[in-house]
Amino acid sequence: MLTDVLPVEVAKALAAVDEWLSEYIRRPHAELGRTGPVCPFVEPAQRADALEIRVRLVGPTPSQTLIDEIVRCGLDEFSEVDWKSGNPNLRSLLLVLPDLPAEHLHLLDAAHTALKPESVRRGLMIAQFHEKCEEKAARNPVFEVSHAPVPMMAVRSMAIHDVLFLADRREWFEEYASRFGARYRSGSHGIDPVLTEVYERARAAHAPGS
């Protein structure tokens, strides 16, 4: 047994996650740098029953190896979920680590860095959330957007707006372009001009011979 966390404590953590999703993630925020909710996918995902929440207990002295393995298993688990939604773009898996001690929250940040290349190769995106998270909003580099009351790692399908997070590295951009490049080549109708600008800049930067 990894931990002595009581069911009531897990239930309290899950209630905090639910409130965070409803009162923060699903709502607009003045510092986002854009209109709309913090995450525009959560509400439609919840309506479509496409948001899976799984608890993972880690014990009082978790290692980086353990946290990495939890996230890696989450990537595997994503493809094994019996998703009720027929829309793959809405599918999200939220791994909740309610007993991860505050002094070990950095392990989630390190796991994100280590496993992002693998997740991108699979056509998935991962994101960590916790009370000390320093991840910034894509359109406001001074806003720490990923603060949360409970440590979590989200796994979701790659979406067209993810060019904002995948443009800097050639291998990441190539994975993105293999999935969404045709939409830009067809004239980018209906695509946010900011995304088109980032895509074209990355395409030029990562072109063969550049």
# chains A, B, ... in the order shown; residues from 1 in each chain; ligands from 1
>>> residues_around(residues="Ala148 of chain A", least_positions_apart="3", cutoff="6 Å", atoms="only C-alpha atoms", output="ChimeraX atom specification")
/A:129-131
>>> residues_around(residues="Asn89 of chain A", least_positions_apart="6", cutoff="9 Å", atoms="only C-alpha atoms", output="mmCIF file with N, CA, C and O atoms, in the first residue's frame")
data_model
loop_
_atom_site.group_PDB
_atom_site.id
_atom_site.type_symbol
_atom_site.label_atom_id
_atom_site.label_comp_id
_atom_site.auth_asym_id
_atom_site.auth_seq_id
_atom_site.Cartn_x
_atom_site.Cartn_y
_atom_site.Cartn_z
ATOM 1 N N PHE A 41 -12.317 23.521 -24.076
ATOM 2 C CA PHE A 41 -12.734 22.149 -24.356
ATOM 3 C C PHE A 41 -13.421 21.468 -23.179
ATOM 4 O O PHE A 41 -14.113 20.469 -23.359
ATOM 5 N N ALA A 45 -16.494 18.802 -23.315
ATOM 6 C CA ALA A 45 -16.042 17.450 -22.976
ATOM 7 C C ALA A 45 -16.890 16.870 -21.855
ATOM 8 O O ALA A 45 -17.291 15.697 -21.899
ATOM 9 N N ARG A 156 -4.674 14.838 -23.237
ATOM 10 C CA ARG A 156 -5.779 15.067 -24.172
ATOM 11 C C ARG A 156 -5.282 14.919 -25.603
ATOM 12 O O ARG A 156 -4.076 14.891 -25.869
ATOM 13 N N SER A 157 -6.223 14.846 -26.506
ATOM 14 C CA SER A 157 -5.887 14.782 -27.924
ATOM 15 C C SER A 157 -5.276 16.107 -28.375
ATOM 16 O O SER A 157 -5.672 17.179 -27.917
ATOM 17 N N MET A 158 -4.313 16.036 -29.279
ATOM 18 C CA MET A 158 -3.737 17.235 -29.854
ATOM 19 C C MET A 158 -4.816 17.990 -30.617
ATOM 20 O O MET A 158 -5.644 17.388 -31.309
ATOM 21 N N ALA A 159 -4.819 19.317 -30.489
ATOM 22 C CA ALA A 159 -5.822 20.156 -31.137
ATOM 23 C C ALA A 159 -5.134 21.216 -31.983
ATOM 24 O O ALA A 159 -3.938 21.467 -31.851
#
>>> closest_residue(among="A:Glu200, A:Asp109, A:Arg121, A:Gly187", to="Glu134 of chain A", atoms="only C-alpha atoms")
A:Asp109
>>> closest_residue(among="A:Ala137, A:Tyr24, A:Ile160, A:Gly33", to="Ile191 of chain A", atoms="only C-alpha atoms")
A:Ile160
>>> closest_residue(among="A:Leu166, A:Ala30, A:Val17, A:Val55", to="Val198 of chain A", atoms="only C-alpha atoms")
A:Leu166
>>> closest_atom_pairs(of="segment 124-191 of chain A", to="segment 75-80 of chain A", cutoff="12 Å", atoms="only C-alpha atoms", output="tab-separated table")
residue	atom	partner	partner_atom	distance
A:Leu124	CA	A:Leu75	CA	7.9
A:Met125	CA	A:Leu75	CA	9.3
A:Ile126	CA	A:Leu75	CA	8.8
A:Ala127	CA	A:Leu75	CA	12.0
A:Met153	CA	A:Leu75	CA	10.7
A:Ala154	CA	A:Leu75	CA	9.8
A:Val155	CA	A:Leu75	CA	6.9
A:Arg156	CA	A:Phe78	CA	8.0
A:Ser157	CA	A:Phe78	CA	9.1
>>> residues_around(residues="Trp172 of chain A", least_positions_apart="4", cutoff="10 Å", atoms="only C-alpha atoms", output="count of residues only")
14
>>> select_by_dssp(residues="segment 3-201 of chain A", states="strand (DSSP E)", output="PyMOL selection string")
chain A and resi 51-55+92-96+124-129+136-137+140-144+152-157
>>> residues_around(residues="Arg169 of chain A", least_positions_apart="4", cutoff="10 Å", atoms="only C-alpha atoms", output="MDAnalysis selection string")
chainID A and resid 117 165 173:174 202 205:206
>>> atom_distance(atom1="atom CA of Pro149 of chain A", atom2="atom CA of Gln128 of chain A")
12.1 Å
>>> closest_residue(among="A:Asp68, A:Val150, A:Trp83, A:Arg139", to="Glu19 of chain A", atoms="only C-alpha atoms")
A:Val150
>>> select_by_dssp(residues="segment 9-187 of chain A", states="helix (DSSP H, G or I)", output="ChimeraX atom specification")
/A:9-25,42-47,64-80,88-90,102-104,106-121,160-166,170-185
>>> closest_residue(among="A:Pro62, A:Pro7, A:Pro44, A:Pro37", to="Ala102 of chain A", atoms="only C-alpha atoms")
A:Pro62
>>> atom_distance(atom1="atom CA of Ala48 of chain A", atom2="atom CA of Ser85 of chain A")
5.6 Å
>>> atom_distance(atom1="atom CA of Val145 of chain A", atom2="atom CA of Val38 of chain A")
8.0 Å
